[in-house]
Amino acid sequence: MATVGLSAPASAYWEFGHETVGRIAMANVRPATRVAVKRLLAKTAALGTPECPANTIESASTWADCVKKLKDADGKPRFRLCL
């Protein structure tokens with residue numbers, strides 16, 4: 001029971017955590033997969049989100065969080081959750 005009092009609150013690593021997981025993933029995939037991912041990342045300008053680049057695995061890992069705040073000309077969210 002004493003350990004309950006000593007436990008620390010959960011810590012979030014936000015962007016750092018996502019970017020780190022992306023780097024670890026890229027370091028552990030097959031070379032052919034790494035090439036395919038880099039080929040896709042080279043085409044991310046087609047997303048039309050220069051405010052939220054996704055041209056590296058690190059920036060792609062936080063892209064969804066970044067675009068949540070983007071608005072269109074009417075001030076409405078440019079991207080929305082589709083369920």
# chains A, B, ... in the order shown; residues from 1 in each chain; ligands from 1
$ residues_around --residues "Lys69 (chain A)" --least-positions-apart "3" --cutoff "12 Å" --atoms "only C-alpha atoms" --output "JSON, numbers by chain"
{"A": [49, 51, 52, 63, 64, 65, 66, 72, 75, 76, 77, 78, 79, 80]}
$ write_last_selection --atoms "N, CA, C and O atoms" --output "CSV table (one decimal), in the first residue's frame"
chain,number,residue,atom,x,y,z
A,49,THR,N,-0.8,21.3,-46.6
A,49,THR,CA,-0.6,21.8,-45.3
A,49,THR,C,0.8,22.3,-45.0
A,49,THR,O,1.5,21.7,-44.2
A,51,GLU,N,1.7,24.6,-43.3
A,51,GLU,CA,1.8,25.0,-41.9
A,51,GLU,C,2.2,23.8,-41.0
A,51,GLU,O,2.6,23.9,-39.9
A,52,CYS,N,1.9,22.6,-41.5
A,52,CYS,CA,2.1,21.3,-40.8
A,52,CYS,C,2.8,20.4,-41.8
A,52,CYS,O,2.2,19.5,-42.4
A,63,TRP,N,1.7,15.2,-37.5
A,63,TRP,CA,0.9,15.9,-38.4
A,63,TRP,C,-0.5,16.0,-38.0
A,63,TRP,O,-1.2,17.1,-38.1
A,64,ALA,N,-1.1,14.9,-37.6
A,64,ALA,CA,-2.5,14.9,-37.2
A,64,ALA,C,-2.8,15.9,-36.1
A,64,ALA,O,-3.9,16.5,-36.1
A,65,ASP,N,-2.0,16.0,-35.1
A,65,ASP,CA,-2.2,16.9,-34.1
A,65,ASP,C,-2.0,18.3,-34.6
A,65,ASP,O,-2.8,19.2,-34.1
A,66,CYS,N,-1.1,18.6,-35.5
A,66,CYS,CA,-0.9,19.9,-36.0
A,66,CYS,C,-2.1,20.4,-36.8
A,66,CYS,O,-2.6,21.5,-36.7
A,72,ASP,N,-10.4,26.9,-42.2
A,72,ASP,CA,-10.6,27.3,-43.6
A,72,ASP,C,-10.9,28.8,-43.6
A,72,ASP,O,-10.9,29.5,-42.6
A,75,GLY,N,-13.3,30.2,-41.1
A,75,GLY,CA,-13.0,30.0,-39.7
A,75,GLY,C,-13.4,28.6,-39.2
A,75,GLY,O,-13.3,28.4,-38.0
A,76,LYS,N,-13.9,27.8,-40.0
A,76,LYS,CA,-14.3,26.4,-39.6
A,76,LYS,C,-13.1,25.5,-39.6
A,76,LYS,O,-12.2,25.7,-40.4
A,77,PRO,N,-13.1,24.5,-38.8
A,77,PRO,CA,-12.0,23.5,-38.9
A,77,PRO,C,-11.8,23.0,-40.3
A,77,PRO,O,-12.8,22.6,-40.9
A,78,ARG,N,-10.6,23.0,-40.7
A,78,ARG,CA,-10.3,22.5,-42.1
A,78,ARG,C,-10.3,21.0,-42.1
A,78,ARG,O,-10.7,20.4,-43.1
A,79,PHE,N,-10.0,20.3,-41.1
A,79,PHE,CA,-10.0,18.9,-40.9
A,79,PHE,C,-10.9,18.6,-39.7
A,79,PHE,O,-10.9,19.3,-38.7
A,80,ARG,N,-11.7,17.5,-39.8
A,80,ARG,CA,-12.5,17.1,-38.7
A,80,ARG,C,-12.5,15.6,-38.5
A,80,ARG,O,-12.2,14.9,-39.5
$ residues_around --residues "Val21 (chain A)" --least-positions-apart "4" --cutoff "9 Å" --atoms "only C-alpha atoms" --output "PyMOL selection string"
chain A and resi 16-17+25-26+58+61
$ write_last_selection --atoms "N, CA and C atoms" --output "CSV table (one decimal), in the first residue's frame"
chain,number,residue,atom,x,y,z
A,16,PHE,N,7.6,15.0,-28.6
A,16,PHE,CA,8.9,14.2,-28.4
A,16,PHE,C,8.6,12.7,-28.4
A,17,GLY,N,7.5,12.3,-27.7
A,17,GLY,CA,7.2,10.9,-27.7
A,17,GLY,C,6.8,10.3,-29.1
A,25,ALA,N,10.8,3.3,-35.1
A,25,ALA,CA,10.2,2.5,-36.1
A,25,ALA,C,11.0,2.5,-37.4
A,26,MET,N,11.4,3.7,-37.8
A,26,MET,CA,12.2,3.7,-39.0
A,26,MET,C,13.5,3.0,-38.9
A,58,GLU,N,9.6,12.3,-38.3
A,58,GLU,CA,9.3,13.0,-37.1
A,58,GLU,C,8.1,14.0,-37.3
A,61,SER,N,4.8,12.2,-37.8
A,61,SER,CA,4.3,11.6,-36.5
A,61,SER,C,3.4,12.6,-35.7
$ closest_residue --among "A:Pro50, A:Arg23, A:Asn55, A:Arg30" --to "Leu70 (chain A)" --atoms "only C-alpha atoms"
A:Pro50
$ select_by_dssp --residues "chain A" --states "alpha helix (DSSP H)" --output "JSON, numbers by chain"
{"A": [2, 3, 4, 5, 6, 14, 15, 16, 17, 18, 19, 20, 21, 22, 23, 24, 25, 26, 27, 28, 31, 32, 33, 34, 35, 36, 37, 38, 39, 40, 41, 57, 58, 59, 60, 61, 63, 64, 65, 66, 67]}
$ closest_residue --among "A:Trp14, A:Val67, A:Val35, A:Thr62" --to "Leu47 (chain A)" --atoms "only C-alpha atoms"
A:Val67
